[in-house]
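Listing of data17.cif, mmCIF, C-alpha atoms; chains and numbers go by the auth columns
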data_entry
#
loop_
_atom_site.group_PDB
_atom_site.id
_atom_site.type_symbol
_atom_site.label_atom_id
_atom_site.label_comp_id
_atom_site.label_asym_id
_atom_site.label_seq_id
_atom_site.Cartn_x
_atom_site.Cartn_y
_atom_site.Cartn_z
_atom_site.B_iso_or_equiv
_atom_site.auth_seq_id
_atom_site.auth_asym_id
ATOM 1 C CA MET A 1 43.092 -1.737 -44.564 0.00 17 A
ATOM 2 C CA MET A 2 43.051 -0.686 -48.197 0.00 18 A
ATOM 3 C CA MET A 3 39.522 -2.062 -48.684 0.00 19 A
ATOM 4 C CA ALA A 4 38.247 -0.249 -45.576 0.00 20 A
ATOM 5 C CA ALA A 5 39.774 3.006 -46.816 0.00 21 A
ATOM 6 C CA LEU A 6 38.228 2.523 -50.251 0.00 22 A
ATOM 7 C CA VAL A 7 34.769 1.893 -48.775 0.00 23 A
ATOM 8 C CA ALA A 8 35.154 4.951 -46.526 0.00 24 A
ATOM 9 C CA ALA A 9 36.210 7.094 -49.489 0.00 25 A
ATOM 10 C CA VAL A 10 33.239 5.966 -51.590 0.00 26 A
ATOM 11 C CA ALA A 11 30.836 6.672 -48.706 0.00 27 A
ATOM 12 C CA LEU A 12 32.433 10.079 -48.206 0.00 28 A
ATOM 13 C CA ILE A 13 32.116 10.972 -51.882 0.00 29 A
ATOM 14 C CA ALA A 14 28.457 9.872 -51.823 0.00 30 A
ATOM 15 C CA VAL A 15 27.656 12.093 -48.823 0.00 31 A
ATOM 16 C CA VAL A 16 29.492 15.141 -50.198 0.00 32 A
ATOM 17 C CA GLY A 17 28.006 14.640 -53.658 0.00 33 A
ATOM 18 C CA ALA A 18 24.492 14.306 -52.222 0.00 34 A
ATOM 19 C CA SER A 19 24.940 17.569 -50.332 0.00 35 A
ATOM 20 C CA TYR A 20 25.208 19.406 -53.648 0.00 36 A
ATOM 21 C CA VAL A 21 21.796 18.084 -54.758 0.00 37 A
ATOM 22 C CA SER A 22 19.570 18.940 -51.779 0.00 38 A
ATOM 23 C CA LEU A 23 19.198 18.573 -48.034 0.00 39 A
ATOM 24 C CA THR A 24 16.733 15.727 -48.556 0.00 40 A
ATOM 25 C CA VAL A 25 19.088 13.773 -50.827 0.00 41 A
ATOM 26 C CA SER A 26 21.886 14.346 -48.322 0.00 42 A
ATOM 27 C CA ALA A 27 19.680 13.009 -45.520 0.00 43 A
ATOM 28 C CA VAL A 28 18.757 9.941 -47.592 0.00 44 A
ATOM 29 C CA ALA A 29 22.434 9.198 -48.295 0.00 45 A
ATOM 30 C CA VAL A 30 23.247 9.522 -44.589 0.00 46 A
ATOM 31 C CA VAL A 31 20.321 7.257 -43.637 0.00 47 A
ATOM 32 C CA VAL A 32 21.488 4.541 -46.051 0.00 48 A
ATOM 33 C CA LEU A 33 25.035 4.710 -44.667 0.00 49 A
ATOM 34 C CA ILE A 34 23.712 4.649 -41.082 0.00 50 A
ATOM 35 C CA LEU A 35 21.762 1.458 -41.811 0.00 51 A
ATOM 36 C CA VAL A 36 24.767 -0.208 -43.435 0.00 52 A
ATOM 37 C CA ALA A 37 27.058 0.792 -40.554 0.00 53 A
ATOM 38 C CA ALA A 38 24.545 -0.200 -37.869 0.00 54 A
ATOM 39 C CA ILE A 39 24.087 -3.641 -39.373 0.00 55 A
ATOM 40 C CA GLY A 40 27.818 -4.132 -39.900 0.00 56 A
ATOM 41 C CA TRP A 41 29.131 -2.802 -36.580 0.00 57 A
ATOM 42 C CA PRO A 42 28.222 -5.782 -34.319 0.00 58 A
ATOM 43 C CA HIS A 43 29.357 -8.206 -37.037 0.00 59 A
ATOM 44 C CA LEU A 44 32.684 -6.379 -37.265 0.00 60 A
ATOM 45 C CA LEU A 45 33.142 -6.709 -33.505 0.00 61 A
ATOM 46 C CA GLY A 46 31.988 -10.331 -33.484 0.00 62 A
ATOM 47 C CA VAL A 47 29.737 -9.847 -30.452 0.00 63 A
ATOM 48 C CA PRO A 48 26.524 -11.718 -29.527 0.00 64 A
ATOM 49 C CA ALA A 49 22.964 -10.321 -29.819 0.00 65 A
ATOM 50 C CA ARG A 50 23.849 -8.707 -33.128 0.00 66 A
ATOM 51 C CA LYS A 51 20.337 -8.059 -34.428 0.00 67 A
ATOM 52 C CA SER A 52 19.077 -6.316 -31.308 0.00 68 A
ATOM 53 C CA GLN A 53 22.250 -4.252 -30.943 0.00 69 A
ATOM 54 C CA SER A 54 22.137 -3.290 -34.624 0.00 70 A
ATOM 55 C CA ALA A 55 18.546 -2.148 -34.125 0.00 71 A
ATOM 56 C CA ALA A 56 19.496 -0.021 -31.089 0.00 72 A
ATOM 57 C CA ILE A 57 22.415 1.558 -32.955 0.00 73 A
ATOM 58 C CA ALA A 58 20.329 2.245 -36.063 0.00 74 A
ATOM 59 C CA LEU A 59 17.344 3.707 -34.196 0.00 75 A
ATOM 60 C CA SER A 60 19.447 6.116 -32.143 0.00 76 A
ATOM 61 C CA ALA A 61 21.395 7.295 -35.211 0.00 77 A
ATOM 62 C CA LEU A 62 18.210 7.650 -37.273 0.00 78 A
ATOM 63 C CA ALA A 63 16.586 9.655 -34.466 0.00 79 A
ATOM 64 C CA ALA A 64 19.593 11.993 -34.357 0.00 80 A
ATOM 65 C CA THR A 65 19.492 12.382 -38.138 0.00 81 A
ATOM 66 C CA ALA A 66 15.749 13.072 -38.182 0.00 82 A
ATOM 67 C CA ALA A 67 16.220 15.706 -35.484 0.00 83 A
ATOM 68 C CA ALA A 68 19.047 17.297 -37.473 0.00 84 A
ATOM 69 C CA TYR A 69 16.877 17.325 -40.596 0.00 85 A
ATOM 70 C CA PHE A 70 13.802 18.905 -39.013 0.00 86 A
ATOM 71 C CA SER A 71 15.508 21.267 -36.540 0.00 87 A
ATOM 72 C CA PRO A 72 16.107 24.911 -37.419 0.00 88 A
ATOM 73 C CA SER A 73 19.558 26.085 -38.443 0.00 89 A
ATOM 74 C CA GLY A 74 21.886 26.421 -35.476 0.00 90 A
ATOM 75 C CA ALA A 75 19.989 23.856 -33.390 0.00 91 A
ATOM 76 C CA ALA A 76 20.400 20.818 -35.634 0.00 92 A
ATOM 77 C CA LEU A 77 22.460 18.792 -33.164 0.00 93 A
ATOM 78 C CA THR A 78 20.484 19.737 -30.056 0.00 94 A
ATOM 79 C CA TRP A 79 18.913 16.298 -29.819 0.00 95 A
ATOM 80 C CA LEU A 80 22.085 14.314 -30.646 0.00 96 A
ATOM 81 C CA PRO A 81 23.088 13.768 -26.978 0.00 97 A
ATOM 82 C CA VAL A 82 19.564 12.589 -26.161 0.00 98 A
ATOM 83 C CA ALA A 83 19.557 10.121 -29.069 0.00 99 A
ATOM 84 C CA VAL A 84 22.986 8.784 -28.069 0.00 100 A
ATOM 85 C CA ALA A 85 21.954 8.457 -24.414 0.00 101 A
ATOM 86 C CA LEU A 86 18.826 6.522 -25.395 0.00 102 A
ATOM 87 C CA GLY A 87 20.879 4.292 -27.677 0.00 103 A
ATOM 88 C CA VAL A 88 23.428 3.524 -24.967 0.00 104 A
ATOM 89 C CA GLY A 89 20.571 2.884 -22.521 0.00 105 A
ATOM 90 C CA ALA A 90 19.056 0.439 -24.999 0.00 106 A
ATOM 91 C CA ILE A 91 22.399 -1.373 -25.305 0.00 107 A
ATOM 92 C CA PHE A 92 22.576 -1.764 -21.523 0.00 108 A
ATOM 93 C CA LEU A 93 18.963 -3.000 -21.463 0.00 109 A
ATOM 94 C CA ILE A 94 19.766 -5.581 -24.155 0.00 110 A
ATOM 95 C CA GLN A 95 22.641 -6.854 -22.024 0.00 111 A
ATOM 96 C CA LEU A 96 20.375 -7.093 -18.966 0.00 112 A
ATOM 97 C CA LEU A 97 17.764 -9.039 -20.917 0.00 113 A
ATOM 98 C CA ARG A 98 20.417 -11.503 -22.072 0.00 114 A
ATOM 99 C CA GLY A 99 20.664 -12.707 -18.474 0.00 115 A
ATOM 100 C CA THR A 100 23.596 -13.313 -16.194 0.00 116 A
ATOM 101 C CA GLY A 101 26.622 -15.337 -17.139 0.00 117 A
ATOM 102 C CA GLN A 102 26.449 -14.586 -20.851 0.00 118 A
ATOM 103 C CA SER A 103 29.733 -14.492 -22.735 0.00 119 A
ATOM 104 C CA HIS A 104 31.383 -11.323 -24.025 0.00 120 A
ATOM 105 C CA ARG A 105 29.041 -9.040 -22.073 0.00 121 A
ATOM 106 C CA LEU A 106 31.645 -6.322 -21.421 0.00 122 A
ATOM 107 C CA GLU A 107 33.023 -6.336 -24.970 0.00 123 A
ATOM 108 C CA SER A 108 29.522 -6.311 -26.390 0.00 124 A
ATOM 109 C CA THR A 109 28.398 -3.405 -24.189 0.00 125 A
ATOM 110 C CA LEU A 110 31.466 -1.250 -24.817 0.00 126 A
ATOM 111 C CA GLY A 111 31.663 -2.049 -28.519 0.00 127 A
ATOM 112 C CA ALA A 112 27.995 -1.425 -29.230 0.00 128 A
ATOM 113 C CA SER A 113 27.962 1.750 -27.110 0.00 129 A
ATOM 114 C CA SER A 114 30.883 3.149 -29.087 0.00 130 A
ATOM 115 C CA GLY A 115 28.994 2.208 -32.253 0.00 131 A
ATOM 116 C CA VAL A 116 25.979 4.194 -31.042 0.00 132 A
ATOM 117 C CA LEU A 117 28.132 7.298 -30.614 0.00 133 A
ATOM 118 C CA LEU A 118 30.154 6.977 -33.814 0.00 134 A
ATOM 119 C CA ILE A 119 27.254 6.134 -36.101 0.00 135 A
ATOM 120 C CA ALA A 120 24.967 8.790 -34.576 0.00 136 A
ATOM 121 C CA LEU A 121 27.645 11.341 -35.473 0.00 137 A
ATOM 122 C CA GLY A 122 26.554 10.770 -39.075 0.00 138 A
ATOM 123 C CA ALA A 123 23.749 13.194 -38.248 0.00 139 A
ATOM 124 C CA GLY A 124 26.450 15.876 -38.346 0.00 140 A
ATOM 125 C CA TRP A 125 26.477 15.717 -42.150 0.00 141 A
ATOM 126 C CA VAL A 126 22.787 16.617 -42.224 0.00 142 A
ATOM 127 C CA ALA A 127 23.290 19.267 -39.539 0.00 143 A
ATOM 128 C CA ALA A 128 26.065 20.831 -41.611 0.00 144 A
ATOM 129 C CA GLU A 129 23.693 21.165 -44.551 0.00 145 A
ATOM 130 C CA ASN A 130 21.290 23.015 -42.253 0.00 146 A
ATOM 131 C CA LEU A 131 23.873 25.732 -41.525 0.00 147 A
ATOM 132 C CA GLY A 132 23.259 29.100 -43.088 0.00 148 A
ATOM 133 C CA VAL A 133 26.886 29.313 -44.254 0.00 149 A
ATOM 134 C CA ASN A 134 26.402 26.042 -46.131 0.00 150 A
ATOM 135 C CA ALA A 135 23.153 27.022 -47.859 0.00 151 A
ATOM 136 C CA GLY A 136 23.388 26.787 -51.623 0.00 152 A
ATOM 137 C CA SER A 137 27.132 26.062 -51.806 0.00 153 A
ATOM 138 C CA SER A 138 27.814 23.117 -49.426 0.00 154 A
ATOM 139 C CA GLY A 139 31.279 24.620 -48.911 0.00 155 A
ATOM 140 C CA VAL A 140 31.644 23.422 -45.322 0.00 156 A
ATOM 141 C CA THR A 141 30.698 19.893 -46.366 0.00 157 A
ATOM 142 C CA LEU A 142 33.258 19.948 -49.180 0.00 158 A
ATOM 143 C CA VAL A 143 36.010 21.210 -46.860 0.00 159 A
ATOM 144 C CA THR A 144 35.114 18.500 -44.357 0.00 160 A
ATOM 145 C CA GLY A 145 35.051 15.812 -47.022 0.00 161 A
ATOM 146 C CA ILE A 146 38.432 16.779 -48.492 0.00 162 A
ATOM 147 C CA SER A 147 39.993 16.916 -45.029 0.00 163 A
ATOM 148 C CA VAL A 148 38.655 13.480 -44.118 0.00 164 A
ATOM 149 C CA LEU A 149 39.810 12.067 -47.466 0.00 165 A
ATOM 150 C CA ILE A 150 43.350 13.376 -46.891 0.00 166 A
ATOM 151 C CA ALA A 151 43.369 11.920 -43.365 0.00 167 A
ATOM 152 C CA ILE A 152 42.210 8.529 -44.693 0.00 168 A
ATOM 153 C CA ALA A 153 44.928 8.559 -47.360 0.00 169 A
ATOM 154 C CA THR A 154 47.539 9.450 -44.729 0.00 170 A
ATOM 155 C CA ALA A 155 46.363 6.568 -42.521 0.00 171 A
ATOM 156 C CA LEU A 156 47.326 4.172 -45.326 0.00 172 A
ATOM 157 C CA LEU A 157 51.008 5.059 -45.104 0.00 173 A
ATOM 158 C CA PRO A 158 53.059 2.054 -43.938 0.00 174 A
ATOM 159 C CA TRP A 159 54.634 3.973 -41.058 0.00 175 A
ATOM 160 C CA PRO A 160 54.231 3.680 -37.286 0.00 176 A
ATOM 161 C CA ASP A 161 51.045 5.152 -35.790 0.00 177 A
ATOM 162 C CA ARG A 162 53.046 7.677 -33.759 0.00 178 A
ATOM 163 C CA MET A 163 54.110 9.248 -37.069 0.00 179 A
ATOM 164 C CA VAL A 164 50.968 8.710 -39.156 0.00 180 A
ATOM 165 C CA GLY A 165 48.578 10.112 -36.526 0.00 181 A
ATOM 166 C CA PRO A 166 50.119 13.586 -36.174 0.00 182 A
ATOM 167 C CA LEU A 167 50.891 13.731 -39.900 0.00 183 A
ATOM 168 C CA GLY A 168 47.233 13.013 -40.706 0.00 184 A
ATOM 169 C CA VAL A 169 46.105 15.864 -38.441 0.00 185 A
ATOM 170 C CA VAL A 170 48.596 18.301 -39.962 0.00 186 A
ATOM 171 C CA LEU A 171 47.829 17.379 -43.579 0.00 187 A
ATOM 172 C CA ALA A 172 44.070 17.513 -42.984 0.00 188 A
ATOM 173 C CA ALA A 173 44.472 20.908 -41.281 0.00 189 A
ATOM 174 C CA LEU A 174 46.389 22.150 -44.342 0.00 190 A
ATOM 175 C CA ALA A 175 43.962 20.575 -46.822 0.00 191 A
ATOM 176 C CA GLY A 176 40.974 22.350 -45.269 0.00 192 A
ATOM 177 C CA PRO A 177 42.124 25.948 -45.960 0.00 193 A
ATOM 178 C CA LEU A 178 43.545 24.984 -49.357 0.00 194 A
ATOM 179 C CA CYS A 179 40.208 23.497 -50.393 0.00 195 A
ATOM 180 C CA ALA A 180 38.388 26.528 -48.964 0.00 196 A
ATOM 181 C CA LEU A 181 40.642 28.916 -50.891 0.00 197 A
ATOM 182 C CA ILE A 182 40.245 27.128 -54.225 0.00 198 A
ATOM 183 C CA PHE A 183 36.662 25.846 -54.185 0.00 199 A
ATOM 184 C CA THR A 184 34.583 27.664 -51.544 0.00 200 A
ATOM 185 C CA ASP A 185 34.129 30.891 -49.651 0.00 201 A
ATOM 186 C CA VAL A 186 34.654 29.278 -46.217 0.00 202 A
ATOM 187 C CA GLU A 187 37.092 31.288 -44.094 0.00 203 A
ATOM 188 C CA GLY A 188 40.618 29.875 -43.881 0.00 204 A
ATOM 189 C CA LEU A 189 40.790 29.667 -40.076 0.00 205 A
ATOM 190 C CA ALA A 190 37.456 27.871 -39.848 0.00 206 A
ATOM 191 C CA ALA A 191 38.558 25.470 -42.598 0.00 207 A
ATOM 192 C CA ALA A 192 41.849 24.786 -40.793 0.00 208 A
ATOM 193 C CA ILE A 193 39.990 23.988 -37.559 0.00 209 A
ATOM 194 C CA ILE A 194 37.562 21.717 -39.422 0.00 210 A
ATOM 195 C CA GLY A 195 40.500 19.963 -41.104 0.00 211 A
ATOM 196 C CA ALA A 196 42.408 19.470 -37.867 0.00 212 A
ATOM 197 C CA VAL A 197 39.376 18.037 -36.091 0.00 213 A
ATOM 198 C CA CYS A 198 38.667 15.707 -39.016 0.00 214 A
ATOM 199 C CA GLY A 199 42.277 14.546 -39.035 0.00 215 A
ATOM 200 C CA ALA A 200 42.175 13.907 -35.285 0.00 216 A
ATOM 201 C CA VAL A 201 38.967 11.864 -35.575 0.00 217 A
ATOM 202 C CA VAL A 202 40.304 9.736 -38.422 0.00 218 A
#
Please express the file's structure as structure tokens.
Amino acid sequence: MMMAALVAAVALIAVVGASYVSLTVSAVAVVVLILVAAIGWPHLLGVPARKSQSAAIALSALAATAAAYFSPSGAALTWLPVAVALGVGAIFLIQLLRGTGQSHRLESTLGASSGVLLIALGAGWVAAENLGVNAGSSGVTLVTGISVLIAIATALLPWPDRMVGPLGVVLAALAGPLCALIFTDVEGLAAAIIGAVCGAVV
């Protein structure tokens, strides 16, 4: 658990740091992380047909990221549902091509489909950099990153999930406005909502 949190924190710092350089550098950082996650996801689940499922996950997430990069501000995630739908369709097609009677078909389909959705959400980091409010300052990205980092740290507490889950949401929701107040010009309410959503996802 500690190693997973450390890797997540390093990836998070890389994405937030890249956002302060340029949109292109941010997109490159997201693409690298998408490739790593897409390759690792089927191995983490221990399902068959890992190469083909990794390819489907990576291609759908890369398509969503490319759309977020090239789309105008305010429409950066318009193509995300399409990319996810195509990725899930590809996962189902892979399972059909494997033939009947193959082992772990249900686990493989559900696990890879969830990977398509989760990894394609990485396009959101690029979409955030396309927002007008984020231009030049990357304040929204910083608020998001701090909130996620606090939620990850809270998840490491050796307490039951029924306590850690709500606590992570609350602390992330508090960290968002605090970060916004100290480091950015993002409005407090918006930062609190971002923090709460980040805490809920983590």
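Straight-line separation from CA of Leu51 in chain A to CA of Leu165 in chain A: 21.7 Å.
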Convert the output of the PyMOL selection byres ((chain A and resi 57-72) around 9) on the shown file into explicit residues, formatted as a compact mmCIF listing (two decimals) with C-alpha atoms, in the frame of the given file.
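Produced file out.txt, reproduced below:
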# COMPACT_ATOMS: atom_id res chain seq x y z
CA LEU A 51 21.76 1.46 -41.81
CA VAL A 52 24.77 -0.21 -43.44
CA ALA A 53 27.06 0.79 -40.55
CA ALA A 54 24.54 -0.20 -37.87
CA ILE A 55 24.09 -3.64 -39.37
CA GLY A 56 27.82 -4.13 -39.90
CA ILE A 73 22.42 1.56 -32.96
CA ALA A 74 20.33 2.24 -36.06
CA LEU A 75 17.34 3.71 -34.20
CA SER A 76 19.45 6.12 -32.14
CA ALA A 77 21.40 7.30 -35.21
CA LEU A 102 18.83 6.52 -25.40
CA GLY A 103 20.88 4.29 -27.68
CA VAL A 104 23.43 3.52 -24.97
CA ALA A 106 19.06 0.44 -25.00
CA ILE A 107 22.40 -1.37 -25.30
CA ILE A 110 19.77 -5.58 -24.16
CA GLN A 111 22.64 -6.85 -22.02
CA ARG A 114 20.42 -11.50 -22.07
CA SER A 119 29.73 -14.49 -22.74
CA HIS A 120 31.38 -11.32 -24.02
CA ARG A 121 29.04 -9.04 -22.07
CA GLU A 123 33.02 -6.34 -24.97
CA SER A 124 29.52 -6.31 -26.39
CA GLY A 127 31.66 -2.05 -28.52
CA ALA A 128 28.00 -1.42 -29.23
CA GLY A 131 28.99 2.21 -32.25
CA VAL A 132 25.98 4.19 -31.04
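For the pair CA of Trp95 in chain A and CA of Leu147 in chain A, the interatomic distance is 15.8 Å.
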Can you turn the PyMOL selection byres ((chain A and resi 215) around 6) into a concrete residue list for this file, as a compact mmCIF listing (two decimals) with C-alpha atoms, in the coordinates of the input?
# COMPACT_ATOMS: atom_id res chain seq x y z
CA ALA A 167 43.37 11.92 -43.36
CA GLY A 184 47.23 13.01 -40.71
CA VAL A 185 46.10 15.86 -38.44
CA ALA A 188 44.07 17.51 -42.98
CA ALA A 212 42.41 19.47 -37.87
CA VAL A 213 39.38 18.04 -36.09
CA CYS A 214 38.67 15.71 -39.02
CA ALA A 216 42.18 13.91 -35.28
CA VAL A 217 38.97 11.86 -35.58
CA VAL A 218 40.30 9.74 -38.42
Q: Using the chain letters and residue numbers of this document, give as a PyMOL selection string the residues selected by the PyMOL selection byres ((chain A and resi 94) around 12).
A: chain A and resi 79-93+95-100+139-140+143
For the residues in the current selection, export C-alpha atoms as a PDB file, in the frame of the given file.
ATOM      1  CA  ALA A  79      16.586   9.655 -34.466  1.00  0.00           C
ATOM      2  CA  ALA A  80      19.593  11.993 -34.357  1.00  0.00           C
ATOM      3  CA  THR A  81      19.492  12.382 -38.138  1.00  0.00           C
ATOM      4  CA  ALA A  82      15.749  13.072 -38.182  1.00  0.00           C
ATOM      5  CA  ALA A  83      16.220  15.706 -35.484  1.00  0.00           C
ATOM      6  CA  ALA A  84      19.047  17.297 -37.473  1.00  0.00           C
ATOM      7  CA  TYR A  85      16.877  17.325 -40.596  1.00  0.00           C
ATOM      8  CA  PHE A  86      13.802  18.905 -39.013  1.00  0.00           C
ATOM      9  CA  SER A  87      15.508  21.267 -36.540  1.00  0.00           C
ATOM     10  CA  PRO A  88      16.107  24.911 -37.419  1.00  0.00           C
ATOM     11  CA  SER A  89      19.558  26.085 -38.443  1.00  0.00           C
ATOM     12  CA  GLY A  90      21.886  26.421 -35.476  1.00  0.00           C
ATOM     13  CA  ALA A  91      19.989  23.856 -33.390  1.00  0.00           C
ATOM     14  CA  ALA A  92      20.400  20.818 -35.634  1.00  0.00           C
ATOM     15  CA  LEU A  93      22.460  18.792 -33.164  1.00  0.00           C
ATOM     16  CA  TRP A  95      18.913  16.298 -29.819  1.00  0.00           C
ATOM     17  CA  LEU A  96      22.085  14.314 -30.646  1.00  0.00           C
ATOM     18  CA  PRO A  97      23.088  13.768 -26.978  1.00  0.00           C
ATOM     19  CA  VAL A  98      19.564  12.589 -26.161  1.00  0.00           C
ATOM     20  CA  ALA A  99      19.557  10.121 -29.069  1.00  0.00           C
ATOM     21  CA  VAL A 100      22.986   8.784 -28.069  1.00  0.00           C
ATOM     22  CA  ALA A 139      23.749  13.194 -38.248  1.00  0.00           C
ATOM     23  CA  GLY A 140      26.450  15.876 -38.346  1.00  0.00           C
ATOM     24  CA  ALA A 143      23.290  19.267 -39.539  1.00  0.00           C
TER      25      ALA A 143
END
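Atom to atom, CA of Ala27 in chain A and CA of Ala208 in chain A stand 22.6 Å apart.
Using only C-alpha atoms, the nearest neighbour of Met19 in chain A within the list A:Val32, A:Val156, A:Ile168, A:Val44 is A:Ile168.
Nearest-residue note for Val202 in chain A: choosing from A:Ser38, A:Thr125, A:Asn146, A:Ser154, the minimum distance belongs to A:Ser154, counting all atoms listed in the file.
Restricting the calculation to all atoms listed in the file, the smallest distance between Leu134 in chain A and any of A:Gly211, A:Ile50, A:Leu183, A:Ala43 is found for A:Ile50.
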**Q.** Neighbour residues at most 10 Å from (44.7, 24.9, -45.9) (all atoms listed in the file) as a PyMOL selection string
**A.** chain A and resi 159+163+186-198+204-209+211-212
